[in-house]
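This is query_38.tsv (TSV, C-alpha atoms (C1' of nucleotides)).
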```
chain	number	residue	atom	x	y	z
A	74	MET	CA	-165.63	143.47	-55.39
A	75	ALA	CA	-165.56	141.56	-58.63
A	76	ALA	CA	-167.62	138.51	-57.90
A	77	ARG	CA	-165.63	135.38	-58.39
A	78	THR	CA	-166.94	134.66	-61.82
A	79	SER	CA	-164.42	134.56	-64.65
A	80	GLN	CA	-164.03	138.31	-64.55
A	81	ARG	CA	-160.42	138.24	-63.49
A	82	PRO	CA	-158.23	139.94	-66.08
A	83	VAL	CA	-156.15	137.28	-67.75
A	84	ALA	CA	-153.03	139.37	-68.01
A	85	ALA	CA	-152.95	139.94	-64.28
A	86	ARG	CA	-150.79	136.90	-63.67
A	87	SER	CA	-147.45	138.44	-64.42
A	88	THR	CA	-145.16	136.38	-62.28
A	89	ARG	CA	-145.94	132.76	-61.69
A	90	THR	CA	-143.52	132.00	-58.95
A	91	GLY	CA	-143.94	133.43	-55.52
A	92	ALA	CA	-147.55	132.31	-55.53
A	93	SER	CA	-148.36	134.97	-52.99
A	94	ARG	CA	-149.82	134.16	-49.60
A	95	PRO	CA	-152.17	131.22	-50.04
A	96	SER	CA	-155.44	131.67	-48.23
A	97	LYS	CA	-155.42	129.65	-45.03
A	98	PRO	CA	-156.97	126.20	-45.43
A	99	ARG	CA	-160.47	126.26	-44.03
A	100	LEU	CA	-160.89	124.59	-40.69
A	101	THR	CA	-164.23	123.10	-41.66
A	102	ALA	CA	-165.76	120.55	-39.37
A	103	ARG	CA	-167.80	119.00	-42.17
A	104	ASP	CA	-165.06	116.89	-43.63
A	105	ALA	CA	-166.87	113.69	-42.77
A	106	GLU	CA	-168.95	113.96	-45.92
A	107	GLN	CA	-166.18	113.01	-48.31
A	108	PRO	CA	-164.43	109.68	-48.84
A	109	ASP	CA	-161.36	111.14	-47.15
A	110	THR	CA	-159.24	108.20	-48.18
A	111	ILE	CA	-158.26	107.83	-51.78
A	112	ASP	CA	-155.95	104.97	-52.50
A	113	ALA	CA	-153.06	106.45	-54.39
A	114	SER	CA	-153.05	103.43	-56.67
A	115	GLN	CA	-156.61	103.97	-57.83
A	116	ILE	CA	-156.56	107.58	-58.86
A	117	ASP	CA	-158.81	108.43	-61.75
A	118	PHE	CA	-156.86	109.98	-64.61
A	119	GLY	CA	-159.88	110.24	-66.85
A	120	PRO	CA	-159.19	111.38	-70.41
A	121	LEU	CA	-155.64	112.30	-69.38
A	122	SER	CA	-154.63	108.75	-70.19
A	123	GLN	CA	-155.57	109.43	-73.80
A	124	TYR	CA	-153.41	112.49	-74.32
A	125	LEU	CA	-150.21	112.50	-76.27
A	126	GLY	CA	-148.77	115.40	-74.31
A	127	TYR	CA	-149.23	113.66	-71.01
A	128	TYR	CA	-147.12	110.70	-72.11
A	129	LEU	CA	-144.54	112.83	-73.83
A	130	ARG	CA	-143.93	114.75	-70.63
A	131	ARG	CA	-143.90	111.74	-68.34
A	132	LEU	CA	-141.74	109.63	-70.60
A	133	TYR	CA	-139.25	112.33	-71.47
A	134	ASP	CA	-138.89	113.07	-67.81
A	135	GLY	CA	-138.26	109.42	-67.02
A	136	TYR	CA	-135.88	109.07	-69.93
A	137	ARG	CA	-133.85	112.07	-68.84
A	138	LYS	CA	-133.52	110.78	-65.30
A	139	HIS	CA	-132.58	107.33	-66.53
A	140	PHE	CA	-129.98	108.82	-68.80
A	141	VAL	CA	-128.43	111.14	-66.26
A	142	ALA	CA	-128.19	108.28	-63.79
A	143	GLN	CA	-126.38	106.04	-66.26
A	144	ALA	CA	-124.18	108.78	-67.68
A	145	ALA	CA	-123.28	110.23	-64.32
A	146	ASP	CA	-119.58	109.56	-64.75
A	147	LEU	CA	-119.55	111.36	-68.09
A	148	ASP	CA	-121.41	114.37	-66.70
A	149	VAL	CA	-123.46	114.90	-69.81
A	150	GLN	CA	-127.07	115.97	-70.26
A	151	PRO	CA	-129.29	114.35	-72.89
A	152	ARG	CA	-129.42	117.30	-75.21
A	153	GLU	CA	-125.66	117.67	-75.08
A	154	VAL	CA	-125.41	114.20	-76.58
A	155	GLY	CA	-127.31	115.39	-79.61
A	156	ALA	CA	-125.05	118.40	-79.93
A	157	LEU	CA	-121.86	116.31	-79.77
A	158	PHE	CA	-123.18	113.86	-82.35
A	159	VAL	CA	-124.11	116.64	-84.74
A	160	ILE	CA	-120.79	118.42	-84.29
A	161	GLY	CA	-118.86	115.20	-84.73
A	162	LEU	CA	-120.75	114.23	-87.86
A	163	ASN	CA	-120.63	117.71	-89.38
A	164	PRO	CA	-117.22	119.15	-88.61
A	165	GLY	CA	-116.93	122.82	-89.36
A	166	LEU	CA	-120.56	123.70	-89.01
A	167	THR	CA	-121.42	127.08	-87.54
A	168	PRO	CA	-123.27	127.85	-84.32
A	169	SER	CA	-126.23	129.12	-86.30
A	170	GLN	CA	-126.44	125.85	-88.22
A	171	LEU	CA	-126.26	124.01	-84.92
A	172	SER	CA	-129.05	126.22	-83.69
A	173	VAL	CA	-131.31	125.17	-86.56
A	174	ALA	CA	-130.34	121.52	-86.33
A	175	LEU	CA	-131.04	121.21	-82.64
A	176	ALA	CA	-133.90	123.69	-82.36
A	177	LEU	CA	-132.10	125.66	-79.67
A	178	ASP	CA	-131.66	129.40	-79.90
A	179	GLY	CA	-128.36	131.12	-80.41
A	180	ALA	CA	-127.90	132.03	-76.79
A	181	GLN	CA	-128.29	128.43	-75.72
A	182	ILE	CA	-125.88	127.25	-78.37
A	183	THR	CA	-123.28	129.73	-77.23
A	184	ALA	CA	-123.68	128.69	-73.61
A	185	MET	CA	-123.35	125.04	-74.53
A	186	LEU	CA	-120.30	125.66	-76.72
A	187	ASN	CA	-118.69	127.71	-73.97
A	188	MET	CA	-119.19	124.80	-71.62
A	189	PHE	CA	-117.81	122.28	-74.11
A	190	ASP	CA	-114.94	124.64	-74.80
A	191	SER	CA	-114.05	125.02	-71.14
A	192	ARG	CA	-113.97	121.23	-70.90
A	193	GLY	CA	-111.74	121.01	-73.92
A	194	LEU	CA	-114.26	119.09	-76.04
A	195	VAL	CA	-114.77	121.53	-78.91
A	196	GLU	CA	-112.83	124.25	-80.64
A	197	ARG	CA	-114.12	127.27	-82.54
A	198	ARG	CA	-112.17	128.76	-85.40
A	199	VAL	CA	-113.07	131.91	-87.24
A	200	SER	CA	-114.14	131.33	-90.80
A	201	SER	CA	-111.78	132.49	-93.49
A	202	VAL	CA	-114.59	133.54	-95.78
A	203	ASP	CA	-116.70	135.44	-93.22
A	204	ALA	CA	-114.96	136.63	-90.11
A	205	ARG	CA	-118.27	136.83	-88.27
A	206	SER	CA	-118.73	133.08	-88.52
A	207	ARG	CA	-117.21	130.44	-86.31
A	208	LEU	CA	-116.49	126.89	-87.42
A	209	VAL	CA	-116.98	124.30	-84.73
A	210	TYR	CA	-114.88	121.14	-84.42
A	211	LEU	CA	-114.47	118.38	-81.90
A	212	THR	CA	-111.04	118.23	-80.29
A	213	PRO	CA	-109.40	114.83	-79.82
A	214	ALA	CA	-110.86	114.80	-76.32
A	215	GLY	CA	-114.26	115.61	-77.80
A	216	LYS	CA	-113.94	112.67	-80.18
A	217	ARG	CA	-113.08	110.37	-77.32
A	218	MET	CA	-116.12	111.64	-75.46
A	219	LEU	CA	-118.29	111.02	-78.50
A	220	ASP	CA	-117.00	107.45	-78.74
A	221	LYS	CA	-117.93	106.83	-75.13
A	222	LEU	CA	-121.36	108.30	-75.70
A	223	ARG	CA	-121.89	106.19	-78.79
A	224	LYS	CA	-121.29	103.08	-76.74
A	225	LEU	CA	-123.43	104.22	-73.86
A	226	VAL	CA	-126.29	105.28	-76.04
A	227	GLY	CA	-126.23	102.24	-78.25
A	228	GLY	CA	-128.28	99.98	-76.02
A	229	PHE	CA	-129.89	102.75	-74.10
A	230	ASP	CA	-133.39	102.72	-75.54
A	231	ARG	CA	-133.53	98.99	-75.09
A	232	SER	CA	-132.55	99.22	-71.43
A	233	PHE	CA	-134.96	102.10	-70.83
A	234	ALA	CA	-137.88	100.22	-72.32
A	235	GLY	CA	-136.99	97.15	-70.31
A	236	ASP	CA	-139.62	94.53	-70.88
A	237	ALA	CA	-142.36	97.09	-71.34
A	238	LEU	CA	-142.05	96.86	-75.11
A	239	THR	CA	-140.77	94.20	-77.44
A	240	ASP	CA	-138.06	95.06	-79.94
A	241	ALA	CA	-140.69	95.23	-82.64
A	242	GLU	CA	-142.87	97.56	-80.63
A	243	LEU	CA	-139.96	99.79	-79.75
A	244	GLY	CA	-139.01	100.04	-83.40
A	245	GLN	CA	-142.58	100.80	-84.31
A	246	LEU	CA	-142.74	103.50	-81.65
A	247	ILE	CA	-139.57	105.19	-82.84
A	248	GLY	CA	-140.84	105.02	-86.39
A	249	LEU	CA	-144.07	106.75	-85.48
A	250	LEU	CA	-142.27	109.40	-83.44
A	251	ALA	CA	-139.88	110.04	-86.32
A	252	LYS	CA	-142.77	110.35	-88.73
A	253	LEU	CA	-144.56	112.78	-86.45
A	254	HIS	CA	-141.38	114.79	-85.94
A	255	ALA	CA	-140.71	114.96	-89.65
A	256	GLY	CA	-144.30	115.87	-90.47
A	257	ILE	CA	-144.70	118.87	-88.20
A	258	GLY	CA	-142.80	122.08	-88.36
A	259	ASP	CA	-141.39	121.53	-84.90
B	237	MET	CA	-99.07	120.22	-67.01
B	238	ALA	CA	-101.72	117.58	-67.47
B	239	ALA	CA	-101.52	116.80	-71.13
B	240	ARG	CA	-104.93	117.03	-72.75
B	241	THR	CA	-105.68	113.38	-72.46
B	242	SER	CA	-108.72	112.35	-70.43
B	243	GLN	CA	-106.95	113.13	-67.19
B	244	ARG	CA	-109.31	115.87	-66.13
B	245	PRO	CA	-111.06	114.96	-62.87
B	246	VAL	CA	-114.69	114.32	-63.64
B	247	ALA	CA	-116.00	115.91	-60.50
B	248	ALA	CA	-114.32	119.20	-61.33
B	249	ARG	CA	-117.36	120.48	-63.16
B	250	SER	CA	-119.30	121.74	-60.20
B	251	THR	CA	-121.29	124.55	-61.73
B	252	ARG	CA	-122.43	124.24	-65.30
B	253	THR	CA	-123.50	127.79	-65.92
B	254	GLY	CA	-120.99	130.54	-66.16
B	255	ALA	CA	-118.94	128.45	-68.56
B	256	SER	CA	-115.93	130.48	-67.64
B	257	ARG	CA	-113.97	132.46	-70.18
B	258	PRO	CA	-113.97	130.44	-73.40
B	259	SER	CA	-110.58	130.31	-75.01
B	260	LYS	CA	-110.44	132.79	-77.85
B	261	PRO	CA	-111.26	131.30	-81.23
B	262	ARG	CA	-108.04	130.58	-83.05
B	263	LEU	CA	-107.26	132.94	-85.88
B	264	THR	CA	-105.99	130.12	-88.06
B	265	ALA	CA	-105.23	130.90	-91.66
B	266	ARG	CA	-105.74	127.30	-92.74
B	267	ASP	CA	-109.50	127.37	-92.87
B	268	ALA	CA	-109.54	126.77	-96.58
B	269	GLU	CA	-109.16	123.04	-96.09
B	270	GLN	CA	-112.69	122.41	-94.89
B	271	PRO	CA	-115.97	122.59	-96.79
B	272	ASP	CA	-116.80	125.81	-94.96
B	273	THR	CA	-120.36	125.72	-96.19
B	274	ILE	CA	-122.75	123.18	-94.81
B	275	ASP	CA	-126.29	123.51	-95.99
B	276	ALA	CA	-128.43	123.63	-92.88
B	277	SER	CA	-130.97	121.38	-94.58
B	278	GLN	CA	-128.51	118.56	-95.13
B	279	ILE	CA	-127.03	118.14	-91.71
B	280	ASP	CA	-126.10	114.60	-90.83
B	281	PHE	CA	-127.86	113.43	-87.69
B	282	GLY	CA	-126.38	109.95	-87.83
B	283	PRO	CA	-127.71	107.50	-85.28
B	284	LEU	CA	-129.42	110.35	-83.47
B	285	SER	CA	-132.40	109.79	-85.72
B	286	GLN	CA	-132.80	106.36	-84.16
B	287	TYR	CA	-132.94	107.41	-80.56
B	288	LEU	CA	-136.10	107.49	-78.55
B	289	GLY	CA	-134.86	110.24	-76.27
B	290	TYR	CA	-134.11	112.57	-79.14
B	291	TYR	CA	-137.69	112.41	-80.37
B	292	LEU	CA	-139.18	112.59	-76.90
B	293	ARG	CA	-137.32	115.81	-76.24
B	294	ARG	CA	-138.02	117.41	-79.60
B	295	LEU	CA	-141.66	116.43	-79.67
B	296	TYR	CA	-142.45	117.32	-76.09
B	297	ASP	CA	-140.83	120.66	-76.67
B	298	GLY	CA	-142.93	121.27	-79.75
B	299	TYR	CA	-146.05	120.04	-78.02
B	300	ARG	CA	-145.53	122.37	-75.11
B	301	LYS	CA	-145.05	125.38	-77.36
B	302	HIS	CA	-148.08	124.46	-79.44
B	303	PHE	CA	-150.15	124.11	-76.31
B	304	VAL	CA	-149.02	127.33	-74.68
B	305	ALA	CA	-149.76	129.20	-77.91
B	306	GLN	CA	-153.28	127.84	-78.15
B	307	ALA	CA	-154.04	128.13	-74.47
B	308	ALA	CA	-152.57	131.62	-74.12
B	309	ASP	CA	-155.87	133.15	-73.03
B	310	LEU	CA	-156.25	130.56	-70.26
B	311	ASP	CA	-152.69	131.09	-69.02
B	312	VAL	CA	-152.12	127.44	-68.24
B	313	GLN	CA	-149.07	125.26	-68.62
B	314	PRO	CA	-149.36	121.69	-69.89
B	315	ARG	CA	-148.61	120.01	-66.62
B	316	GLU	CA	-151.13	122.19	-64.85
B	317	VAL	CA	-153.79	120.67	-67.08
B	318	GLY	CA	-152.96	117.26	-65.72
B	319	ALA	CA	-153.15	118.54	-62.19
B	320	LEU	CA	-156.56	120.15	-62.70
B	321	PHE	CA	-157.92	117.01	-64.32
B	322	VAL	CA	-156.73	114.82	-61.49
B	323	ILE	CA	-158.03	117.17	-58.82
B	324	GLY	CA	-161.38	117.46	-60.58
B	325	LEU	CA	-161.75	113.73	-60.99
B	326	ASN	CA	-160.57	112.91	-57.49
B	327	PRO	CA	-162.03	115.55	-55.18
B	328	GLY	CA	-160.55	115.47	-51.72
B	329	LEU	CA	-157.23	113.92	-52.58
B	330	THR	CA	-154.20	115.06	-50.65
B	331	PRO	CA	-151.11	116.85	-51.94
B	332	SER	CA	-149.04	113.74	-51.36
B	333	GLN	CA	-151.42	111.67	-53.46
B	334	LEU	CA	-151.22	114.32	-56.15
B	335	SER	CA	-147.48	114.11	-55.90
B	336	VAL	CA	-147.51	110.38	-56.62
B	337	ALA	CA	-150.10	110.68	-59.37
B	338	LEU	CA	-148.28	113.37	-61.28
B	339	ALA	CA	-144.72	112.36	-60.46
B	340	LEU	CA	-143.90	115.78	-59.08
B	341	ASP	CA	-142.29	116.23	-55.71
B	342	GLY	CA	-144.02	117.76	-52.73
B	343	ALA	CA	-142.41	121.14	-53.11
B	344	GLN	CA	-143.61	121.43	-56.68
B	345	ILE	CA	-147.12	120.37	-55.72
B	346	THR	CA	-147.25	122.99	-52.99
B	347	ALA	CA	-146.06	125.69	-55.37
B	348	MET	CA	-148.64	124.70	-57.95
B	349	LEU	CA	-151.43	124.56	-55.39
B	350	ASN	CA	-150.42	127.95	-54.04
B	351	MET	CA	-150.69	129.34	-57.55
B	352	PHE	CA	-154.06	127.70	-58.17
B	353	ASP	CA	-155.19	128.94	-54.78
B	354	SER	CA	-154.17	132.52	-55.46
B	355	ARG	CA	-156.19	132.33	-58.68
B	356	GLY	CA	-159.18	130.97	-56.84
B	357	LEU	CA	-159.19	127.64	-58.66
B	358	VAL	CA	-158.66	125.24	-55.80
B	359	GLU	CA	-159.31	125.12	-52.10
B	360	ARG	CA	-157.48	123.18	-49.40
B	361	ARG	CA	-159.28	121.98	-46.29
B	362	VAL	CA	-157.65	120.29	-43.34
B	363	SER	CA	-158.61	116.67	-42.97
B	364	SER	CA	-160.82	115.79	-40.05
B	365	VAL	CA	-159.09	112.48	-39.51
B	366	ASP	CA	-155.50	113.65	-39.73
B	367	ALA	CA	-154.83	117.31	-39.13
B	368	ARG	CA	-151.54	117.11	-41.01
B	369	SER	CA	-153.35	116.30	-44.23
B	370	ARG	CA	-155.01	118.71	-46.60
B	371	LEU	CA	-157.90	117.78	-48.86
B	372	VAL	CA	-157.88	119.49	-52.20
B	373	TYR	CA	-161.00	120.53	-54.11
B	374	LEU	CA	-161.78	122.55	-57.19
B	375	THR	CA	-163.75	125.71	-56.51
B	376	PRO	CA	-166.62	126.61	-58.88
B	377	ALA	CA	-164.14	128.75	-60.79
B	378	GLY	CA	-161.79	125.78	-60.93
B	379	LYS	CA	-164.56	123.63	-62.36
B	380	ARG	CA	-165.28	126.21	-65.02
B	381	MET	CA	-161.60	126.28	-65.89
B	382	LEU	CA	-161.54	122.51	-66.15
B	383	ASP	CA	-164.53	122.61	-68.52
B	384	LYS	CA	-162.71	125.05	-70.75
B	385	LEU	CA	-159.60	122.89	-70.71
B	386	ARG	CA	-161.58	119.79	-71.52
B	387	LYS	CA	-162.89	121.48	-74.65
B	388	LEU	CA	-159.52	122.86	-75.64
B	389	VAL	CA	-157.72	119.62	-75.08
B	390	GLY	CA	-160.28	117.45	-76.82
B	391	GLY	CA	-159.04	117.95	-80.35
B	392	PHE	CA	-155.60	119.02	-79.38
B	393	ASP	CA	-153.57	115.95	-80.28
B	394	ARG	CA	-155.27	115.81	-83.63
B	395	SER	CA	-154.41	119.44	-84.40
B	396	PHE	CA	-150.84	118.99	-83.18
B	397	ALA	CA	-150.25	115.96	-85.36
B	398	GLY	CA	-151.75	117.77	-88.33
B	399	ASP	CA	-151.43	115.60	-91.37
B	400	ALA	CA	-148.19	114.04	-90.17
B	401	LEU	CA	-150.06	111.03	-88.83
B	402	THR	CA	-153.38	109.44	-89.69
B	403	ASP	CA	-155.95	108.88	-86.97
B	404	ALA	CA	-154.97	105.25	-86.85
B	405	GLU	CA	-151.28	106.03	-86.52
B	406	LEU	CA	-151.92	108.58	-83.82
B	407	GLY	CA	-153.97	106.05	-81.90
B	408	GLN	CA	-151.26	103.48	-82.34
B	409	LEU	CA	-148.63	105.93	-81.12
B	410	ILE	CA	-150.58	106.82	-78.00
B	411	GLY	CA	-151.15	103.14	-77.35
B	412	LEU	CA	-147.44	102.38	-77.51
B	413	LEU	CA	-146.55	105.35	-75.33
B	414	ALA	CA	-149.15	104.28	-72.77
B	415	LYS	CA	-147.80	100.76	-72.77
B	416	LEU	CA	-144.27	101.99	-72.29
B	417	HIS	CA	-145.34	104.34	-69.53
B	418	ALA	CA	-147.24	101.61	-67.75
B	419	GLY	CA	-144.41	99.13	-68.12
B	420	ILE	CA	-141.62	101.15	-66.60
B	421	GLY	CA	-141.40	102.41	-63.08
B	422	ASP	CA	-141.30	106.01	-64.25
C	20	DT	C1'	-139.45	109.50	-33.87
C	21	DA	C1'	-141.97	109.65	-38.37
C	22	DT	C1'	-145.01	111.96	-41.63
C	23	DT	C1'	-147.59	115.95	-44.12
C	24	DG	C1'	-147.12	119.95	-45.94
C	25	DT	C1'	-144.47	124.00	-46.46
C	26	DT	C1'	-140.60	127.23	-47.30
C	27	DA	C1'	-136.12	128.28	-48.97
C	28	DT	C1'	-132.57	127.60	-52.13
C	29	DA	C1'	-130.09	126.41	-56.08
C	30	DC	C1'	-129.31	124.57	-60.59
C	31	DT	C1'	-131.00	123.66	-65.22
C	32	DC	C1'	-133.67	125.01	-69.16
C	33	DT	C1'	-135.73	128.39	-72.06
C	34	DA	C1'	-136.66	132.98	-74.02
C	35	DT	C1'	-135.64	137.78	-74.93
C	36	DA	C1'	-133.15	141.78	-75.55
C	37	DA	C1'	-128.95	144.24	-75.98
C	38	DC	C1'	-124.26	144.43	-77.34
C	39	DT	C1'	-119.76	143.48	-80.55
C	40	DA	C1'	-117.63	142.76	-84.65
C	41	DT	C1'	-117.93	142.15	-88.95
C	42	DA	C1'	-120.36	142.51	-93.57
D	92	DT	C1'	-128.22	148.63	-92.21
D	93	DA	C1'	-128.06	143.65	-91.53
D	94	DT	C1'	-126.02	139.36	-89.77
D	95	DA	C1'	-123.18	135.96	-86.55
D	96	DG	C1'	-122.06	135.38	-82.32
D	97	DT	C1'	-122.09	136.67	-77.62
D	98	DT	C1'	-123.60	138.37	-73.07
D	99	DA	C1'	-126.94	139.39	-69.59
D	100	DT	C1'	-131.15	138.63	-67.47
D	101	DA	C1'	-135.34	136.71	-66.15
D	102	DG	C1'	-138.86	133.29	-66.11
D	103	DA	C1'	-140.12	128.38	-65.70
D	104	DG	C1'	-138.89	123.52	-64.42
D	105	DT	C1'	-136.65	120.47	-61.20
D	106	DA	C1'	-134.30	118.80	-57.00
D	107	DT	C1'	-132.86	119.01	-52.20
D	108	DA	C1'	-132.72	120.24	-47.56
D	109	DA	C1'	-134.70	122.23	-43.55
D	110	DC	C1'	-138.64	123.41	-40.89
D	111	DA	C1'	-143.44	123.45	-38.37
D	112	DA	C1'	-147.34	121.03	-37.04
D	113	DT	C1'	-149.22	116.80	-36.05
D	114	DA	C1'	-149.18	111.86	-35.42
```
Taking this structure as input, can you express it in the form of structure tokens?
Amino acid sequence: MAARTSQRPVAARSTRTGASRPSKPRLTARDAEQPDTIDASQIDFGPLSQYLGYYLRRLYDGYRKHFVAQAADLDVQPREVGALFVIGLNPGLTPSQLSVALALDGAQITAMLNMFDSRGLVERRVSSVDARSRLVYLTPAGKRMLDKLRKLVGGFDRSFAGDALTDAELGQLIGLLAKLHAGIGD
Amino acid sequence: MAARTSQRPVAARSTRTGASRPSKPRLTARDAEQPDTIDASQIDFGPLSQYLGYYLRRLYDGYRKHFVAQAADLDVQPREVGALFVIGLNPGLTPSQLSVALALDGAQITAMLNMFDSRGLVERRVSSVDARSRLVYLTPAGKRMLDKLRKLVGGFDRSFAGDALTDAELGQLIGLLAKLHAGIGD
DNA sequence: TATTGTTATACTCTATAACTATA
DNA sequence: TATAGTTATAGAGTATAACAATA
């Protein structure tokens, strides 16, 4: 029942994993009608190649991989770099301030701080003015880590962009991204 | 044992979740020495505000949320849009070609196709020239979905950018991102 | 033996709700 | 009662290895 028009209730797709029992591929004998060979290098992306989101996803993905590969010996993820910079530059800030600054929710901040803590990179002290608050500081080891990251990350954009963009273009790109970031609520 | 210099073996961090038992926050009485109040609006981001990766992460994150909010009734994730566009524009391509085109590995492609299949959006036929291959097509329902997405996505970048960027700047940004994407291996 | 597609598994990331301790 | 931080859990995203069918 329910002809295969767009009748399907939209809320019916509760869980997206699992992707229950795909219907068996048809064993049609009439395959000869289609090109059957599409050169992977000449795939039509249509309007996709005009969309901001498409490039943001692809490029962030590539950037992350590039970063993780180069920072393998430090065992640090990209977003953790941001966290260590912010903590280092703003000693004594609270987890909730970190949460706002990095646009990560409290639970994620706690998990990240626990991980930093277990590695001896940060320290949390209880605030003297509000015992609910914690003040976050880099330990000496955390400062050394931040120094290493500063060096690593210094020429990173340049090496990621390779010869795809000139210095001027890269600067222009970062400027536009910064302007967009600043101009939207995020 | 093992003074807290950088002696810690780097490979020791096998699992990153769990973040085993954080050391209890110190109950120091000398908290009065620090500012203790950092206005969340005046956090120092230092060089972070110069890094490509920082903006790519923040902006892609915002873009994804914006998209999911607006496309809630279609129940589609951003990357699934790309997949449906590519399948629609290249009927009869194989999962491995899709994998190259979208930079997702085979397992992810299969999972996505299973999900599309269970929703009646795509169909997989076995190739007549190589029985290992599958040829992927949009069903009529898949084509209707693609039409809806085309409409939704048409003005999407513009609405995401809001008044943060002019049309010219947005075009310039997409141009630079496309150039960067094309110029690196990704 | 190599390749296509698939399944299984695990780790990371993200989001939500519930709990604690303080206020 | 409200807030800061934490814990627990589950859903998505990503990566890897192993497997079946076919070449």
For chain D, list the residues within 10 Å of chain A, counting all atoms listed in the file, and write the list as JSON, numbers by chain.
-> {"D": [94, 95, 96, 97, 98, 102, 103]}
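Take CA of Leu238 (chain A) and CA of Gly411 (chain B): the distance between them is 11.3 Å.
Taking CA of Pro376 (chain B) and CA of Gly126 (chain A) as the two end points, the separation is 26.1 Å.
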Any idea what's packed within 6 Å of region 162-165 of chain A, counting all atoms listed in the file, ignoring anything in its chain fewer than 4 positions away? Could you give it as a PDB file with C-alpha atoms, in the frame of the given file?
```pdb
ATOM      1  CA  LEU A 208    -116.490 126.890 -87.420  1.00  0.00           C
ATOM      2  CA  VAL A 209    -116.980 124.300 -84.730  1.00  0.00           C
ATOM      3  CA  TYR A 210    -114.880 121.140 -84.420  1.00  0.00           C
TER       4      TYR A 210
END
```
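Put simply, CA of Lys415 (chain B) is 12.5 Å away from CA of Leu129 (chain A).
Distance annotation: of B:Ala404, B:Leu329, B:Leu385, B:Leu357, the residue with the minimal separation from chain A is B:Leu329; atom set is all atoms listed in the file.
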Residues at most 10 Å from DA106 (chain D), counting only C-alpha atoms (C1' of nucleotides), excluding those fewer than 2 positions away in the same chain, as number ranges by chain?
-> B: 341, 343-344; C: 29-30; D: 104, 108
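Counting only C-alpha atoms (C1' of nucleotides) and comparing C:DT39, C:DT28, C:DT33, C:DT23, the residue that lies closest to chain B is C:DT23.
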Using only C-alpha atoms (C1' of nucleotides), determine which residues of chain C fall within 8 Å of chain A; present them as a ChimeraX atom specification.
-> /C:40-42
Those selected residues, please, written with C-alpha atoms (C1' of nucleotides) and delivered as a PDB file, keeping the file's coordinate frame.
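Contents of the output file part_23.pdb:
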```pdb
ATOM      1  C1'  DA C  40    -117.630 142.760 -84.650  1.00  0.00           C
ATOM      2  C1'  DT C  41    -117.930 142.150 -88.950  1.00  0.00           C
ATOM      3  C1'  DA C  42    -120.360 142.510 -93.570  1.00  0.00           C
TER       4       DA C  42
END
```
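The nearest approach to DT22 (chain C) among the residues D:DT113, D:DT100, D:DT92, D:DT105, with all atoms listed in the file taken into account, belongs to D:DT113.
If you measure from each of A:Gln115, A:Thr212, A:Ser191, A:Thr239 to chain B using all atoms listed in the file, the closest one turns out to be A:Ser191.
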